[in-house]
$ cat coords-v2.csv   # CSV, C-alpha atoms
chain,number,residue,atom,x,y,z
A,989,MET,CA,3.3,-38.8,-4.1
A,990,GLU,CA,3.0,-36.5,-7.1
A,991,CYS,CA,0.3,-34.5,-5.4
A,992,LEU,CA,2.6,-33.9,-2.4
A,993,LEU,CA,5.5,-33.1,-4.6
A,994,HIS,CA,3.6,-30.5,-6.5
A,995,ILE,CA,2.5,-28.9,-3.3
A,996,ALA,CA,6.1,-28.8,-2.1
A,997,TYR,CA,7.2,-27.1,-5.3
A,998,ARG,CA,4.7,-24.3,-4.7
A,999,LEU,CA,5.2,-23.7,-0.9
A,1000,ASP,CA,6.9,-20.4,-1.5
A,1001,VAL,CA,4.2,-19.0,-3.8
A,1002,THR,CA,1.2,-20.8,-2.2
A,1003,CYS,CA,-0.9,-20.9,-5.4
A,1004,TRP,CA,-2.3,-23.7,-7.6
A,1005,GLN,CA,-0.9,-22.3,-10.9
A,1006,ALA,CA,2.3,-20.3,-11.2
A,1007,LYS,CA,1.5,-17.7,-13.9
A,1008,GLN,CA,3.8,-14.8,-13.1
A,1009,PRO,CA,7.5,-15.0,-14.1
A,1010,HIS,CA,8.7,-14.7,-10.6
A,1011,GLU,CA,6.3,-17.5,-9.5
A,1012,LYS,CA,7.6,-19.8,-12.2
A,1013,GLU,CA,11.1,-19.1,-11.2
A,1014,SER,CA,10.4,-19.8,-7.6
A,1015,VAL,CA,8.7,-23.1,-8.4
A,1016,ALA,CA,11.5,-24.2,-10.7
A,1017,LYS,CA,14.2,-23.3,-8.1
A,1018,ARG,CA,12.4,-25.2,-5.3
A,1019,LYS,CA,11.8,-28.2,-7.5
A,1020,LYS,CA,15.5,-28.4,-8.4
A,1021,TYR,CA,16.4,-28.2,-4.7
A,1022,ILE,CA,14.0,-31.0,-3.7
A,1023,GLN,CA,15.2,-33.2,-6.6
A,1024,GLU,CA,18.9,-32.7,-5.5
A,1025,GLU,CA,18.1,-33.4,-1.9
A,1026,PHE,CA,16.2,-36.7,-2.7
A,1027,LYS,CA,19.0,-37.8,-4.9
A,1028,THR,CA,21.7,-37.0,-2.3
A,1029,ARG,CA,20.0,-38.3,0.8
A,1030,THR,CA,18.0,-41.2,-0.5
A,1031,GLY,CA,19.3,-41.9,-4.0
A,1032,LEU,CA,15.8,-41.4,-5.5
A,1033,ILE,CA,15.4,-39.7,-8.9
A,1034,ILE,CA,12.3,-37.6,-8.5
A,1035,ASP,CA,10.1,-36.2,-11.3
A,1036,VAL,CA,12.6,-36.6,-14.1
A,1037,PRO,CA,11.3,-37.3,-17.7
A,1038,LYS,CA,12.2,-40.7,-19.1
A,1039,GLN,CA,13.0,-41.4,-22.7
A,1040,GLY,CA,10.0,-42.6,-24.5
A,1041,SER,CA,7.2,-41.6,-22.1
A,1042,GLY,CA,6.4,-40.9,-18.5
A,1043,THR,CA,8.7,-39.8,-15.7
A,1044,SER,CA,10.8,-41.5,-13.0
A,1045,ASN,CA,7.8,-41.3,-10.6
A,1046,ASP,CA,6.8,-45.0,-10.6
A,1047,GLY,CA,5.5,-47.4,-7.9
A,1048,ASN,CA,8.9,-48.2,-6.5
A,1049,THR,CA,9.8,-44.5,-6.1
A,1050,ALA,CA,6.5,-43.9,-4.3
A,1051,ARG,CA,7.1,-46.8,-1.9
A,1052,ARG,CA,10.5,-45.5,-0.9
A,1053,PHE,CA,9.0,-42.0,-0.6
A,1054,PHE,CA,6.4,-43.1,1.9
A,1055,GLN,CA,8.7,-45.6,3.6
A,1056,ASP,CA,10.2,-42.8,5.7
A,1057,PRO,CA,7.6,-40.1,6.0
A,1058,ALA,CA,9.7,-38.0,8.4
A,1059,LEU,CA,12.6,-37.8,5.9
A,1060,SER,CA,10.4,-37.1,3.0
A,1061,ALA,CA,8.6,-34.3,5.0
A,1062,SER,CA,11.9,-32.8,6.0
A,1063,ILE,CA,13.1,-32.6,2.4
A,1064,THR,CA,9.8,-31.3,0.9
A,1065,GLY,CA,8.9,-29.0,3.8
A,1066,LEU,CA,5.4,-30.6,4.1
A,1067,ASN,CA,3.5,-31.5,7.2
A,1068,VAL,CA,4.9,-34.8,8.5
A,1069,LYS,CA,1.6,-35.9,9.9
A,1070,LEU,CA,-0.1,-35.5,6.6
A,1071,VAL,CA,2.6,-37.5,4.8
A,1072,GLU,CA,2.3,-40.2,7.5
A,1073,LYS,CA,-1.5,-40.4,7.0
A,1074,PHE,CA,-1.1,-40.7,3.2
A,1075,ALA,CA,1.4,-43.5,3.8
A,1076,ASN,CA,-0.9,-45.3,6.2
A,1077,ILE,CA,-3.9,-45.1,3.8
A,1078,LEU,CA,-1.9,-46.4,0.8
A,1079,SER,CA,-0.5,-49.3,2.9
A,1080,VAL,CA,-4.0,-50.3,4.1
A,1081,ILE,CA,-5.4,-50.2,0.5
A,1082,ALA,CA,-2.5,-52.4,-0.8
A,1083,SER,CA,-2.4,-54.8,2.1
A,1084,GLY,CA,-4.7,-57.5,0.7
A,1085,PHE,CA,-6.5,-57.9,4.1
A,1086,GLU,CA,-10.1,-57.0,4.9
A,1087,VAL,CA,-10.5,-53.4,6.0
A,1088,ASN,CA,-12.6,-52.0,8.8
A,1089,THR,CA,-14.4,-49.6,6.5
A,1090,GLU,CA,-16.0,-47.5,9.2
A,1091,MET,CA,-12.7,-46.6,10.9
A,1092,PHE,CA,-11.0,-46.3,7.6
A,1093,GLN,CA,-13.6,-43.8,6.3
A,1094,THR,CA,-13.3,-41.7,9.4
A,1095,TYR,CA,-9.5,-41.6,9.1
A,1096,CYS,CA,-9.7,-40.6,5.4
A,1097,ILE,CA,-12.2,-37.8,6.1
A,1098,GLU,CA,-9.9,-36.5,8.8
A,1099,THR,CA,-7.0,-36.6,6.4
A,1100,ALA,CA,-9.0,-34.8,3.7
A,1101,ARG,CA,-9.9,-32.0,6.2
A,1102,GLN,CA,-6.3,-31.7,7.3
A,1103,TYR,CA,-5.3,-31.4,3.6
A,1104,VAL,CA,-7.8,-28.6,3.0
A,1105,LYS,CA,-6.8,-26.8,6.1
A,1106,LEU,CA,-3.0,-26.9,5.4
A,1107,TYR,CA,-2.9,-26.7,1.6
A,1108,GLY,CA,-6.4,-25.6,0.6
A,1109,TRP,CA,-4.8,-23.3,-2.1
A,1110,TYR,CA,-3.8,-26.4,-4.1
A,1111,LYS,CA,-6.8,-28.1,-5.6
A,1112,MET,CA,-7.1,-31.7,-4.6
A,1113,PRO,CA,-6.5,-34.0,-7.5
A,1114,SER,CA,-9.3,-36.3,-8.6
A,1115,SER,CA,-7.3,-39.4,-7.7
A,1116,VAL,CA,-6.6,-38.2,-4.2
A,1117,HIS,CA,-10.3,-37.2,-3.8
A,1118,ARG,CA,-11.4,-40.6,-5.0
A,1119,VAL,CA,-9.3,-42.3,-2.3
A,1120,LEU,CA,-10.0,-40.0,0.6
A,1121,ILE,CA,-13.7,-39.4,0.0
A,1122,HIS,CA,-14.9,-42.5,-1.8
A,1123,GLY,CA,-12.2,-45.1,-0.8
A,1124,ALA,CA,-14.3,-46.8,1.9
A,1125,ASP,CA,-17.3,-47.1,-0.4
A,1126,ILE,CA,-15.2,-48.7,-3.1
A,1127,ILE,CA,-13.8,-51.2,-0.5
A,1128,LYS,CA,-17.3,-52.1,0.6
A,1129,ALA,CA,-18.4,-52.8,-2.9
A,1130,ALA,CA,-15.4,-55.0,-3.7
A,1131,ILE,CA,-16.0,-58.7,-3.5
A,1132,VAL,CA,-12.4,-59.4,-2.5
A,1133,PRO,CA,-10.0,-57.2,-0.5
A,1134,VAL,CA,-9.1,-54.2,-2.7
A,1135,GLY,CA,-5.4,-55.0,-2.4
A,1136,SER,CA,-6.0,-58.2,-4.4
A,1137,LEU,CA,-7.2,-56.2,-7.4
A,1138,SER,CA,-3.7,-54.7,-8.0
A,1139,GLU,CA,-2.3,-54.6,-11.5
A,1140,GLU,CA,1.1,-55.7,-10.2
A,1141,PRO,CA,0.7,-59.4,-11.1
A,1142,GLN,CA,-0.3,-58.4,-14.7
A,1143,GLU,CA,2.7,-56.1,-15.0
A,1144,CYS,CA,5.0,-58.8,-13.7
A,1145,ARG,CA,3.8,-61.1,-16.4
A,1146,ASN,CA,5.5,-58.8,-18.9
A,1147,LYS,CA,8.8,-60.2,-17.9
A,1148,ASP,CA,7.6,-63.7,-18.7
A,1149,ILE,CA,6.3,-62.6,-22.1
A,1150,LYS,CA,9.7,-61.1,-22.9
A,1151,ASN,CA,11.5,-64.3,-21.8
A,1152,TYR,CA,9.2,-66.6,-23.7
A,1153,ARG,CA,9.5,-64.5,-26.8
A,1154,GLU,CA,13.3,-64.4,-26.7
A,1155,HIS,CA,14.1,-67.9,-25.6
A,1156,ARG,CA,11.1,-70.2,-26.1
A,1157,ALA,CA,9.4,-69.2,-29.3
A,1158,ARG,CA,10.0,-69.8,-33.0
A,1159,LYS,CA,11.4,-66.9,-35.0
A,1160,CYS,CA,10.4,-68.1,-38.5
A,1161,SER,CA,7.3,-65.8,-38.5
A,1162,ARG,CA,5.4,-63.4,-36.3
A,1163,VAL,CA,2.4,-65.8,-36.3
A,1164,ALA,CA,4.5,-68.7,-35.0
A,1165,THR,CA,6.2,-66.5,-32.5
A,1166,ASN,CA,3.0,-65.2,-31.0
A,1167,GLN,CA,1.5,-68.6,-31.1
A,1168,ASP,CA,4.3,-70.1,-29.1
A,1169,VAL,CA,4.2,-67.2,-26.6
A,1170,PHE,CA,0.4,-67.7,-26.1
A,1171,ASN,CA,0.8,-71.4,-25.7
A,1172,ARG,CA,3.5,-70.9,-23.1
A,1173,LEU,CA,1.3,-68.5,-21.2
A,1174,MET,CA,-1.6,-70.9,-21.3
A,1175,VAL,CA,0.5,-73.7,-19.9
A,1176,SER,CA,2.1,-71.6,-17.2
A,1177,SER,CA,-1.4,-70.4,-16.0
A,1178,ASP,CA,-2.7,-74.0,-15.7
A,1179,PRO,CA,-3.7,-74.6,-12.0
A,1180,MET,CA,-1.7,-77.8,-11.9
A,1181,ILE,CA,1.5,-76.2,-13.2
A,1182,SER,CA,1.1,-73.0,-11.1
A,1183,SER,CA,0.6,-75.0,-7.9
A,1184,MET,CA,4.1,-76.5,-8.4
A,1185,TYR,CA,5.8,-73.0,-8.4
A,1186,LYS,CA,7.8,-72.0,-5.4
A,1187,ALA,CA,6.5,-69.0,-3.5
A,1188,PRO,CA,8.6,-66.0,-4.6
A,1189,LYS,CA,11.1,-64.7,-2.1
A,1190,ARG,CA,10.7,-61.0,-1.6
A,1191,LYS,CA,11.3,-58.2,0.9
A,1192,SER,CA,8.4,-57.6,3.2
A,1193,THR,CA,7.7,-54.2,4.6
A,1194,PRO,CA,6.2,-54.0,8.1
A,1195,PHE,CA,3.0,-52.2,8.8
A,1196,ARG,CA,2.9,-49.2,10.9
A,1197,ALA,CA,1.0,-49.5,14.2
A,1198,GLU,CA,-1.5,-46.8,13.1
A,1199,ALA,CA,-2.2,-48.7,9.9
A,1200,LEU,CA,-2.7,-52.1,11.6
A,1201,LYS,CA,-5.8,-50.9,13.5
A,1202,PHE,CA,-7.8,-50.5,10.2
A,1203,LEU,CA,-7.3,-54.2,9.2
A,1204,LYS,CA,-9.8,-56.7,10.6
A,1205,GLU,CA,-7.5,-59.7,10.8
A,1206,PRO,CA,-4.0,-58.6,10.0
A,1207,ASN,CA,-1.8,-61.7,10.2
A,1208,VAL,CA,1.3,-59.6,10.1
A,1209,THR,CA,3.9,-58.4,12.5
A,1210,LEU,CA,5.8,-55.2,13.0
A,1211,ASN,CA,9.2,-57.0,12.7
A,1212,GLU,CA,10.7,-56.5,9.3
A,1213,GLU,CA,12.0,-59.6,7.5
A,1214,HIS,CA,14.3,-59.3,4.5
A,1215,TYR,CA,14.4,-61.8,1.8
A,1216,SER,CA,16.9,-61.9,-1.0
A,1217,SER,CA,15.8,-62.7,-4.5
A,1218,ASP,CA,17.2,-65.9,-6.0
A,1219,ASN,CA,17.4,-66.6,-9.7
A,1220,GLU,CA,17.5,-70.3,-9.1
A,1221,ASP,CA,13.7,-70.3,-8.4
A,1222,CYS,CA,13.0,-68.8,-11.8
A,1223,GLU,CA,15.2,-71.4,-13.5
A,1224,GLU,CA,13.4,-74.2,-11.6
A,1225,ASN,CA,10.0,-72.8,-12.6
A,1226,ASP,CA,11.1,-72.7,-16.2
A,1227,GLU,CA,12.2,-76.3,-16.0
A,1228,LEU,CA,8.7,-77.3,-14.9
A,1229,LEU,CA,7.3,-75.8,-18.1
A,1230,SER,CA,9.8,-77.6,-20.4
$ encode --input "coords-v2.csv" --output "structure tokens"
Amino acid sequence: MECLLHIAYRLDVTCWQAKQPHEKESVAKRKKYIQEEFKTRTGLIIDVPKQGSGTSNDGNTARRFFQDPALSASITGLNVKLVEKFANILSVIASGFEVNTEMFQTYCIETARQYVKLYGWYKMPSSVHRVLIHGADIIKAAIVPVGSLSEEPQECRNKDIKNYREHRARKCSRVATNQDVFNRLMVSSDPMISSMYKAPKRKSTPFRAEALKFLKEPNVTLNEEHYSSDNEDCEENDELLS
């Protein structure tokens, strides 16, 4: 997403680095326009620095960006087909299903060629190069589907750590606090305890028809199902640990 945004900011100057004053002014003006359009039309806050570190460009922002490639392309002025291909590649990688690596590699190479043809003046970032050129090789070398290697479960665990530290740990010393947190994490990761958890209710995003053809056995449908989160499940899970 950030790669596409940086290209969109420089469409008027068509150069990788804006060095001249008029080029910097053009990039800043177009960036402000794109940010305002996203905020007005989608509610997304794009490329804004956050207090502490980082920017507003996180995983949730990227998902919503690629959820409607036509709208994102109309706002940024980018080629809609390229945005759709990026969205399809990312959804296949994160699917958790086995991927037909031969078809996927051909699709990624075509996407890379289209990228160079349309925006060859903007050097391809190493992360994009890694996915488009070497993505299929990485998938082949992985023992499990590459989508299963996501860091999202680990990041979700941070909420549990915060909850355990605040509500289920002694506050008499740092050693006691950390010991209680680690003990709680060990208990919650026990196979017997974790098997008693209810499956989380979440919103599922349907696959695009073009992305489905790269999955070997995609047990998914094109119909979108919405699930609402329920705090009662979290409370019941905590009761199992008590």
$ closest_atom_pairs --input "coords-v2.csv" --of "range 1027-1053 of chain A" --to "range 1067-1077 of chain A" --cutoff "10 Å" --atoms "all atoms listed in the file" --output "Markdown table"
| residue | atom | partner | partner_atom | distance |
| --- | --- | --- | --- | --- |
| A:Ala1050 | CA | A:Ala1075 | CA | 9.6 |
| A:Arg1051 | CA | A:Ala1075 | CA | 8.7 |
| A:Phe1053 | CA | A:Ala1075 | CA | 8.9 |
$ residues_around --input "coords-v2.csv" --residues "His1117 in chain A" --least-positions-apart "4" --cutoff "12 Å" --atoms "all atoms listed in the file" --output "short mmCIF file (atom, residue, chain, number, x, y, z; two decimals) with C-alpha atoms, in the coordinates of the input"
data_model
loop_
_atom_site.label_atom_id
_atom_site.label_comp_id
_atom_site.auth_asym_id
_atom_site.auth_seq_id
_atom_site.Cartn_x
_atom_site.Cartn_y
_atom_site.Cartn_z
CA CYS A 991 0.30 -34.50 -5.40
CA CYS A 1096 -9.70 -40.60 5.40
CA ILE A 1097 -12.20 -37.80 6.10
CA THR A 1099 -7.00 -36.60 6.40
CA ALA A 1100 -9.00 -34.80 3.70
CA ARG A 1101 -9.90 -32.00 6.20
CA TYR A 1103 -5.30 -31.40 3.60
CA VAL A 1104 -7.80 -28.60 3.00
CA LYS A 1111 -6.80 -28.10 -5.60
CA MET A 1112 -7.10 -31.70 -4.60
CA PRO A 1113 -6.50 -34.00 -7.50
CA ILE A 1121 -13.70 -39.40 0.00
CA HIS A 1122 -14.90 -42.50 -1.80
CA GLY A 1123 -12.20 -45.10 -0.80
CA ALA A 1124 -14.30 -46.80 1.90
#
$ closest_residue --input "coords-v2.csv" --among "A:Gly1047, A:Pro1179, A:Pro1057, A:Gly1108" --to "Glu1140 in chain A" --atoms "all atoms listed in the file"
A:Gly1047
$ residues_near_point --input "coords-v2.csv" --point "(-11.3, -54.7, 11.5)" --cutoff "12 Å" --atoms "all atoms listed in the file" --output "list in words"
Val1080, Phe1085, Glu1086, Val1087, Asn1088, Thr1089, Glu1090, Met1091, Phe1092, Ala1199, Leu1200, Lys1201, Phe1202, Leu1203, Lys1204, Glu1205, Pro1206 and Asn1207 of chain A
$ residues_near_point --input "coords-v2.csv" --point "(11.6, -24.9, -9.8)" --cutoff "12 Å" --atoms "only C-alpha atoms" --output "JSON, numbers by chain"
{"A": [993, 994, 995, 996, 997, 998, 999, 1000, 1001, 1006, 1009, 1010, 1011, 1012, 1013, 1014, 1015, 1016, 1017, 1018, 1019, 1020, 1021, 1022, 1023, 1024, 1035]}
$ closest_residue --input "coords-v2.csv" --among "A:Phe1170, A:Ser1115, A:Thr1002, A:Leu1120" --to "Gln1102 in chain A" --atoms "all atoms listed in the file"
A:Leu1120
$ atom_distance --input "coords-v2.csv" --atom1 "CA of Arg1029 in chain A" --atom2 "CA of Pro1194 in chain A"
22.1 Å
$ atom_distance --input "coords-v2.csv" --atom1 "CA of Phe1026 in chain A" --atom2 "CA of Leu1059 in chain A"
9.4 Å
$ residues_around --input "coords-v2.csv" --residues "Arg1156 in chain A" --least-positions-apart "3" --cutoff "12 Å" --atoms "all atoms listed in the file" --output "number ranges by chain"
A: 1148-1153, 1159, 1164-1173, 1226-1227, 1229-1230
$ residues_around --input "coords-v2.csv" --residues "Val1134 in chain A" --least-positions-apart "4" --cutoff "9 Å" --atoms "only C-alpha atoms" --output "list in words"
Ile1081, Ala1082, Ser1083, Gly1084, Phe1085, Glu1086, Val1087, Ile1126, Ile1127, Ala1130 and Ser1138 of chain A
$ closest_residue --input "coords-v2.csv" --among "A:Arg1158, A:Tyr1185, A:Gln1055, A:Asn1045" --to "Ser1079 in chain A" --atoms "only C-alpha atoms"
A:Gln1055
$ atom_distance --input "coords-v2.csv" --atom1 "CA of Ser1041 in chain A" --atom2 "CA of Val1116 in chain A"
22.9 Å
$ build_atoms --input "coords-v2.csv" --residues "range 1073-1096 of chain A" --atoms "N, CA, C and O atoms" --output "compact mmCIF listing (two decimals), keeping the file's coordinate frame"
# COMPACT_ATOMS: atom_id res chain seq x y z
N LYS A 1073 -0.11 -39.94 7.22
CA LYS A 1073 -1.50 -40.40 7.00
C LYS A 1073 -1.64 -40.91 5.55
O LYS A 1073 -2.30 -41.93 5.31
N PHE A 1074 -1.03 -40.22 4.60
CA PHE A 1074 -1.10 -40.70 3.20
C PHE A 1074 -0.41 -42.08 3.12
O PHE A 1074 -0.91 -42.97 2.43
N ALA A 1075 0.73 -42.24 3.80
CA ALA A 1075 1.40 -43.50 3.80
C ALA A 1075 0.60 -44.63 4.40
O ALA A 1075 0.54 -45.75 3.87
N ASN A 1076 -0.07 -44.34 5.51
CA ASN A 1076 -0.90 -45.30 6.20
C ASN A 1076 -2.09 -45.75 5.28
O ASN A 1076 -2.42 -46.94 5.18
N ILE A 1077 -2.72 -44.78 4.63
CA ILE A 1077 -3.90 -45.10 3.80
C ILE A 1077 -3.46 -45.95 2.61
O ILE A 1077 -4.14 -46.94 2.28
N LEU A 1078 -2.34 -45.64 1.99
CA LEU A 1078 -1.90 -46.40 0.80
C LEU A 1078 -1.50 -47.85 1.26
O LEU A 1078 -1.77 -48.81 0.54
N SER A 1079 -0.86 -48.00 2.43
CA SER A 1079 -0.50 -49.30 2.90
C SER A 1079 -1.69 -50.18 3.21
O SER A 1079 -1.70 -51.40 2.97
N VAL A 1080 -2.74 -49.57 3.76
CA VAL A 1080 -4.00 -50.30 4.10
C VAL A 1080 -4.66 -50.77 2.78
O VAL A 1080 -5.11 -51.91 2.66
N ILE A 1081 -4.72 -49.89 1.80
CA ILE A 1081 -5.40 -50.20 0.50
C ILE A 1081 -4.66 -51.38 -0.17
O ILE A 1081 -5.29 -52.28 -0.74
N ALA A 1082 -3.33 -51.36 -0.12
CA ALA A 1082 -2.50 -52.40 -0.80
C ALA A 1082 -2.26 -53.61 -0.01
O ALA A 1082 -1.55 -54.50 -0.47
N SER A 1083 -2.80 -53.71 1.20
CA SER A 1083 -2.40 -54.80 2.10
C SER A 1083 -2.95 -56.15 1.67
O SER A 1083 -2.31 -57.17 1.90
N GLY A 1084 -4.13 -56.19 1.04
CA GLY A 1084 -4.70 -57.50 0.70
C GLY A 1084 -5.55 -58.08 1.80
O GLY A 1084 -6.11 -59.17 1.65
N PHE A 1085 -5.67 -57.40 2.95
CA PHE A 1085 -6.50 -57.90 4.10
C PHE A 1085 -7.84 -57.14 4.06
O PHE A 1085 -8.00 -56.10 3.44
N GLU A 1086 -8.79 -57.70 4.78
CA GLU A 1086 -10.10 -57.00 4.90
C GLU A 1086 -9.92 -55.80 5.80
O GLU A 1086 -9.22 -55.81 6.79
N VAL A 1087 -10.61 -54.74 5.40
CA VAL A 1087 -10.50 -53.40 6.00
C VAL A 1087 -11.71 -53.09 6.84
O VAL A 1087 -12.84 -53.34 6.39
N ASN A 1088 -11.50 -52.52 8.00
CA ASN A 1088 -12.60 -52.00 8.80
C ASN A 1088 -13.03 -50.66 8.15
O ASN A 1088 -12.42 -49.62 8.38
N THR A 1089 -14.05 -50.72 7.31
CA THR A 1089 -14.40 -49.60 6.50
C THR A 1089 -14.86 -48.36 7.28
O THR A 1089 -14.63 -47.22 6.87
N GLU A 1090 -15.52 -48.59 8.41
CA GLU A 1090 -16.00 -47.50 9.20
C GLU A 1090 -14.85 -46.65 9.77
O GLU A 1090 -14.82 -45.42 9.66
N MET A 1091 -13.89 -47.33 10.38
CA MET A 1091 -12.70 -46.60 10.90
C MET A 1091 -11.89 -46.02 9.80
O MET A 1091 -11.39 -44.89 9.93
N PHE A 1092 -11.77 -46.74 8.71
CA PHE A 1092 -11.00 -46.30 7.60
C PHE A 1092 -11.59 -45.01 6.98
O PHE A 1092 -10.88 -44.05 6.63
N GLN A 1093 -12.91 -44.97 6.86
CA GLN A 1093 -13.60 -43.80 6.30
C GLN A 1093 -13.40 -42.58 7.18
O GLN A 1093 -13.13 -41.48 6.69
N THR A 1094 -13.52 -42.78 8.48
CA THR A 1094 -13.30 -41.70 9.40
C THR A 1094 -11.89 -41.12 9.29
O THR A 1094 -11.67 -39.90 9.28
N TYR A 1095 -10.92 -42.02 9.20
CA TYR A 1095 -9.50 -41.60 9.10
C TYR A 1095 -9.28 -40.85 7.78
O TYR A 1095 -8.56 -39.83 7.76
N CYS A 1096 -9.88 -41.32 6.68
CA CYS A 1096 -9.70 -40.60 5.40
C CYS A 1096 -10.34 -39.26 5.39
O CYS A 1096 -9.77 -38.32 4.83
